[in-house]
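Quick look at upload_32.txt (compact mmCIF, N, CA and C atoms):
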```txt
# COMPACT_ATOMS: atom_id res chain seq x y z
N MET P 1 -23.40 -118.87 -4.08
CA MET P 1 -23.50 -120.22 -3.59
C MET P 1 -22.23 -120.96 -3.99
N THR P 2 -21.69 -121.70 -3.03
CA THR P 2 -20.46 -122.43 -3.31
C THR P 2 -20.77 -123.73 -4.04
N ALA P 3 -19.75 -124.35 -4.59
CA ALA P 3 -19.92 -125.62 -5.29
C ALA P 3 -20.42 -126.69 -4.33
N LEU P 4 -19.95 -126.67 -3.09
CA LEU P 4 -20.39 -127.65 -2.10
C LEU P 4 -21.87 -127.46 -1.78
N GLN P 5 -22.30 -126.24 -1.65
CA GLN P 5 -23.72 -125.97 -1.38
C GLN P 5 -24.58 -126.48 -2.53
N LYS P 6 -24.15 -126.25 -3.76
CA LYS P 6 -24.90 -126.73 -4.92
C LYS P 6 -24.97 -128.25 -4.92
N LYS P 7 -23.86 -128.91 -4.57
CA LYS P 7 -23.82 -130.37 -4.57
C LYS P 7 -24.76 -130.94 -3.51
N GLU P 8 -24.92 -130.25 -2.39
CA GLU P 8 -25.75 -130.75 -1.29
C GLU P 8 -27.24 -130.52 -1.51
N MET P 9 -27.61 -129.79 -2.53
CA MET P 9 -29.02 -129.52 -2.79
C MET P 9 -29.61 -130.62 -3.65
N VAL P 10 -30.84 -130.97 -3.39
CA VAL P 10 -31.54 -132.00 -4.16
C VAL P 10 -32.61 -131.33 -4.99
N PHE P 11 -32.69 -131.72 -6.26
CA PHE P 11 -33.69 -131.19 -7.16
C PHE P 11 -34.69 -132.30 -7.45
N CYS P 12 -35.95 -132.03 -7.17
CA CYS P 12 -36.97 -133.04 -7.37
C CYS P 12 -38.27 -132.37 -7.78
N ALA P 13 -38.78 -132.71 -8.95
CA ALA P 13 -40.05 -132.19 -9.45
C ALA P 13 -40.12 -130.67 -9.38
N GLY P 14 -39.05 -130.02 -9.74
CA GLY P 14 -39.03 -128.56 -9.73
C GLY P 14 -38.76 -127.95 -8.38
N PHE P 15 -38.52 -128.77 -7.38
CA PHE P 15 -38.29 -128.29 -6.03
C PHE P 15 -36.85 -128.54 -5.65
N VAL P 16 -36.19 -127.55 -5.09
CA VAL P 16 -34.81 -127.70 -4.65
C VAL P 16 -34.78 -127.71 -3.13
N SER P 17 -34.22 -128.75 -2.56
CA SER P 17 -34.14 -128.87 -1.10
C SER P 17 -32.70 -128.74 -0.63
N LYS P 18 -32.54 -128.05 0.47
CA LYS P 18 -31.23 -127.91 1.10
C LYS P 18 -31.11 -128.84 2.30
N HIS P 19 -32.08 -129.74 2.46
CA HIS P 19 -32.15 -130.58 3.65
C HIS P 19 -32.13 -132.06 3.28
N ILE P 20 -31.06 -132.49 2.66
CA ILE P 20 -30.97 -133.85 2.13
C ILE P 20 -31.16 -134.91 3.21
N GLU P 21 -30.47 -134.76 4.32
CA GLU P 21 -30.56 -135.77 5.38
C GLU P 21 -31.97 -135.85 5.94
N ARG P 22 -32.58 -134.71 6.23
CA ARG P 22 -33.94 -134.69 6.76
C ARG P 22 -34.91 -135.28 5.73
N ASP P 23 -34.79 -134.87 4.50
CA ASP P 23 -35.72 -135.30 3.45
C ASP P 23 -35.63 -136.80 3.18
N ALA P 24 -34.49 -137.41 3.45
CA ALA P 24 -34.32 -138.84 3.23
C ALA P 24 -35.27 -139.66 4.10
N TYR P 25 -35.73 -139.10 5.21
CA TYR P 25 -36.63 -139.80 6.12
C TYR P 25 -38.11 -139.62 5.75
N LEU P 26 -38.41 -138.73 4.82
CA LEU P 26 -39.80 -138.45 4.49
C LEU P 26 -40.58 -139.68 4.01
N PRO P 27 -40.06 -140.50 3.11
CA PRO P 27 -40.84 -141.67 2.67
C PRO P 27 -41.16 -142.63 3.83
N LYS P 28 -40.20 -142.84 4.71
CA LYS P 28 -40.45 -143.73 5.85
C LYS P 28 -41.53 -143.15 6.75
N GLN P 29 -41.47 -141.85 7.02
CA GLN P 29 -42.48 -141.21 7.85
C GLN P 29 -43.85 -141.23 7.17
N ARG P 30 -43.86 -141.07 5.86
CA ARG P 30 -45.12 -141.14 5.10
C ARG P 30 -45.71 -142.54 5.22
N ASP P 31 -44.87 -143.57 5.14
CA ASP P 31 -45.35 -144.95 5.26
C ASP P 31 -45.95 -145.21 6.64
N ILE P 32 -45.32 -144.68 7.67
CA ILE P 32 -45.84 -144.83 9.03
C ILE P 32 -47.19 -144.13 9.16
N LEU P 33 -47.28 -142.93 8.63
CA LEU P 33 -48.53 -142.18 8.68
C LEU P 33 -49.64 -142.92 7.93
N LEU P 34 -49.33 -143.44 6.76
CA LEU P 34 -50.31 -144.17 5.97
C LEU P 34 -50.75 -145.44 6.70
N GLU P 35 -49.82 -146.16 7.27
CA GLU P 35 -50.15 -147.37 8.02
C GLU P 35 -51.09 -147.05 9.19
N ASN P 36 -50.80 -145.99 9.92
CA ASN P 36 -51.65 -145.61 11.05
C ASN P 36 -53.03 -145.17 10.59
N ALA P 37 -53.10 -144.42 9.51
CA ALA P 37 -54.39 -143.98 8.98
C ALA P 37 -55.22 -145.18 8.53
N LEU P 38 -54.59 -146.13 7.85
CA LEU P 38 -55.31 -147.32 7.39
C LEU P 38 -55.79 -148.17 8.56
N LYS P 39 -54.97 -148.27 9.60
CA LYS P 39 -55.36 -149.02 10.79
C LYS P 39 -56.58 -148.38 11.45
N ASP P 40 -56.56 -147.07 11.61
CA ASP P 40 -57.68 -146.37 12.24
C ASP P 40 -58.95 -146.45 11.38
N LEU P 41 -58.81 -146.21 10.09
CA LEU P 41 -59.98 -146.24 9.22
C LEU P 41 -60.56 -147.64 9.09
N SER P 42 -59.70 -148.65 9.05
CA SER P 42 -60.16 -150.03 8.93
C SER P 42 -60.95 -150.48 10.16
N ALA P 43 -60.68 -149.87 11.29
CA ALA P 43 -61.38 -150.22 12.52
C ALA P 43 -62.75 -149.56 12.62
N ASP P 44 -63.04 -148.62 11.76
CA ASP P 44 -64.32 -147.90 11.80
C ASP P 44 -65.35 -148.67 10.99
N PRO P 45 -66.42 -149.14 11.63
CA PRO P 45 -67.41 -149.92 10.90
C PRO P 45 -68.17 -149.13 9.84
N ASP P 46 -68.14 -147.81 9.91
CA ASP P 46 -68.82 -146.99 8.91
C ASP P 46 -67.99 -146.74 7.66
N VAL P 47 -66.74 -147.15 7.69
CA VAL P 47 -65.88 -147.03 6.51
C VAL P 47 -66.03 -148.30 5.69
N LEU P 48 -66.58 -148.15 4.50
CA LEU P 48 -66.86 -149.30 3.64
C LEU P 48 -65.67 -149.67 2.75
N ALA P 49 -64.90 -148.67 2.35
CA ALA P 49 -63.76 -148.91 1.47
C ALA P 49 -62.74 -147.80 1.65
N ILE P 50 -61.50 -148.15 1.39
CA ILE P 50 -60.39 -147.20 1.46
C ILE P 50 -59.54 -147.45 0.21
N TYR P 51 -59.20 -146.38 -0.47
CA TYR P 51 -58.29 -146.56 -1.60
C TYR P 51 -57.35 -145.38 -1.71
N ILE P 52 -56.21 -145.65 -2.29
CA ILE P 52 -55.17 -144.64 -2.46
C ILE P 52 -55.12 -144.24 -3.92
N ALA P 53 -54.85 -142.99 -4.16
CA ALA P 53 -54.78 -142.47 -5.53
C ALA P 53 -53.47 -141.69 -5.68
N GLY P 54 -53.35 -141.01 -6.78
CA GLY P 54 -52.19 -140.15 -7.00
C GLY P 54 -50.92 -140.91 -7.32
N SER P 55 -49.82 -140.26 -7.06
CA SER P 55 -48.53 -140.83 -7.46
C SER P 55 -48.18 -142.11 -6.69
N LEU P 56 -48.63 -142.23 -5.45
CA LEU P 56 -48.36 -143.47 -4.71
C LEU P 56 -49.07 -144.65 -5.38
N ALA P 57 -50.30 -144.46 -5.80
CA ALA P 57 -51.05 -145.52 -6.46
C ALA P 57 -50.46 -145.85 -7.83
N LYS P 58 -49.99 -144.85 -8.52
CA LYS P 58 -49.43 -145.04 -9.87
C LYS P 58 -48.02 -145.60 -9.82
N GLY P 59 -47.36 -145.47 -8.67
CA GLY P 59 -45.99 -145.96 -8.54
C GLY P 59 -44.94 -144.99 -9.04
N ASN P 60 -45.33 -143.75 -9.27
CA ASN P 60 -44.34 -142.76 -9.71
C ASN P 60 -44.12 -141.69 -8.64
N ASP P 61 -44.21 -142.11 -7.38
CA ASP P 61 -44.02 -141.19 -6.27
C ASP P 61 -42.53 -140.89 -6.07
N ASP P 62 -42.28 -139.81 -5.36
CA ASP P 62 -40.92 -139.47 -4.96
C ASP P 62 -40.96 -139.17 -3.46
N GLN P 63 -39.86 -138.77 -2.91
CA GLN P 63 -39.80 -138.57 -1.46
C GLN P 63 -40.68 -137.42 -0.98
N TYR P 64 -41.15 -136.57 -1.87
CA TYR P 64 -41.99 -135.43 -1.48
C TYR P 64 -43.48 -135.67 -1.77
N SER P 65 -43.81 -136.85 -2.26
CA SER P 65 -45.20 -137.14 -2.61
C SER P 65 -46.08 -137.19 -1.36
N ASP P 66 -47.30 -136.69 -1.52
CA ASP P 66 -48.25 -136.72 -0.42
C ASP P 66 -49.08 -138.00 -0.51
N ILE P 67 -49.98 -138.15 0.47
CA ILE P 67 -50.86 -139.31 0.51
C ILE P 67 -52.24 -138.87 0.04
N ASP P 68 -52.70 -139.45 -1.06
CA ASP P 68 -54.04 -139.18 -1.58
C ASP P 68 -54.91 -140.37 -1.19
N LEU P 69 -55.51 -140.28 -0.01
CA LEU P 69 -56.29 -141.37 0.54
C LEU P 69 -57.77 -141.03 0.43
N HIS P 70 -58.55 -141.96 -0.10
CA HIS P 70 -59.99 -141.75 -0.27
C HIS P 70 -60.73 -142.81 0.54
N THR P 71 -61.85 -142.40 1.09
CA THR P 71 -62.68 -143.34 1.84
C THR P 71 -64.11 -143.30 1.33
N ILE P 72 -64.75 -144.44 1.41
CA ILE P 72 -66.17 -144.53 1.11
C ILE P 72 -66.83 -144.93 2.42
N VAL P 73 -67.79 -144.11 2.85
CA VAL P 73 -68.42 -144.35 4.14
C VAL P 73 -69.89 -144.71 3.96
N ASN P 74 -70.44 -145.30 4.98
CA ASN P 74 -71.85 -145.64 5.00
C ASN P 74 -72.65 -144.36 4.77
N PRO P 75 -73.44 -144.28 3.71
CA PRO P 75 -74.15 -143.03 3.40
C PRO P 75 -75.12 -142.61 4.51
N LYS P 76 -75.74 -143.56 5.18
CA LYS P 76 -76.65 -143.20 6.27
C LYS P 76 -75.89 -142.54 7.40
N ARG P 77 -74.74 -143.05 7.71
CA ARG P 77 -73.93 -142.50 8.80
C ARG P 77 -73.44 -141.10 8.44
N LYS P 78 -73.03 -140.92 7.20
CA LYS P 78 -72.55 -139.62 6.75
C LYS P 78 -73.67 -138.58 6.86
N ALA P 79 -74.89 -138.95 6.52
CA ALA P 79 -76.01 -138.03 6.56
C ALA P 79 -76.34 -137.60 8.00
N GLU P 80 -76.02 -138.45 8.97
CA GLU P 80 -76.28 -138.13 10.37
C GLU P 80 -75.29 -137.12 10.94
N SER P 81 -74.16 -136.99 10.33
CA SER P 81 -73.10 -136.11 10.85
C SER P 81 -73.45 -134.66 10.78
```
As structure tokens, what does this structure read like?
Amino acid sequence: MTALQKKEMVFCAGFVSKHIERDAYLPKQRDILLENALKDLSADPDVLAIYIAGSLAKGNDDQYSDIDLHTIVNPKRKAES
């Protein structure tokens, strides 16, 4: 591996990425996905509560963090499924 290749790699939480430019867009895409999920879930009358957990909730997320989204649904509706 050349020095330039090493410089272009990103190390994050034990993960090495060779796709710096692509990876830079991940947080924005995650935000869009989260916004759409919240919009859809909020429109469902059987969803009583929505909360986020994990690194996003704790504020120690990085560009590779996933979305840990939890929902509380109407128990009667869930039993009908």
> Can you list, as a ChimeraX atom specification, every protein, DNA or RNA residue that comes within 8 Å of segment 66-69 of chain P when you count all atoms listed in the file, leaving out same-chain residues fewer than 5 positions away?
Replying inline: /P:30,34,50-57,61
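Residues in contact with Ser42 of chain P at 12 Å, where only C-alpha atoms are counted and same-chain residues fewer than 5 positions away are skipped, are listed as Leu34, Glu35, Asn36, Ala37, Val47, Leu48, Ala49, Ile50, Tyr51, Thr71, Ile72 and Val73 of chain P.
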>> If I take atom CA of Ser17 of chain P and atom N of Ile32 of chain P, how far is one from the other in Å, to one decimal?
In response: 21.3 Å
>> From a backbone DSSP assignment, name each residue in segment 21-57 of chain P labelled alpha helix (DSSP H), as number ranges by chain.
In response: P: 21-23, 26-42, 54-57
> Quick one, how far is atom N of Asn60 of chain P from atom C of Asp31 of chain P?
Replying inline: 16.0 Å
Please write out, as JSON, where the centre of an axis-aligned box around all listed atoms of segment 31-43 of chain P lies and how long its edges are, in Å to one decimal, after adding 8 Å on each side.
```
{"center_x": -53.8, "center_y": -146.3, "center_z": 8.9, "size_x": 33.9, "size_y": 24.3, "size_z": 23.5}
```
> To one decimal place, how far is atom N of Asn74 of chain P from atom N of Leu38 of chain P in Å?
Replying inline: 16.1 Å
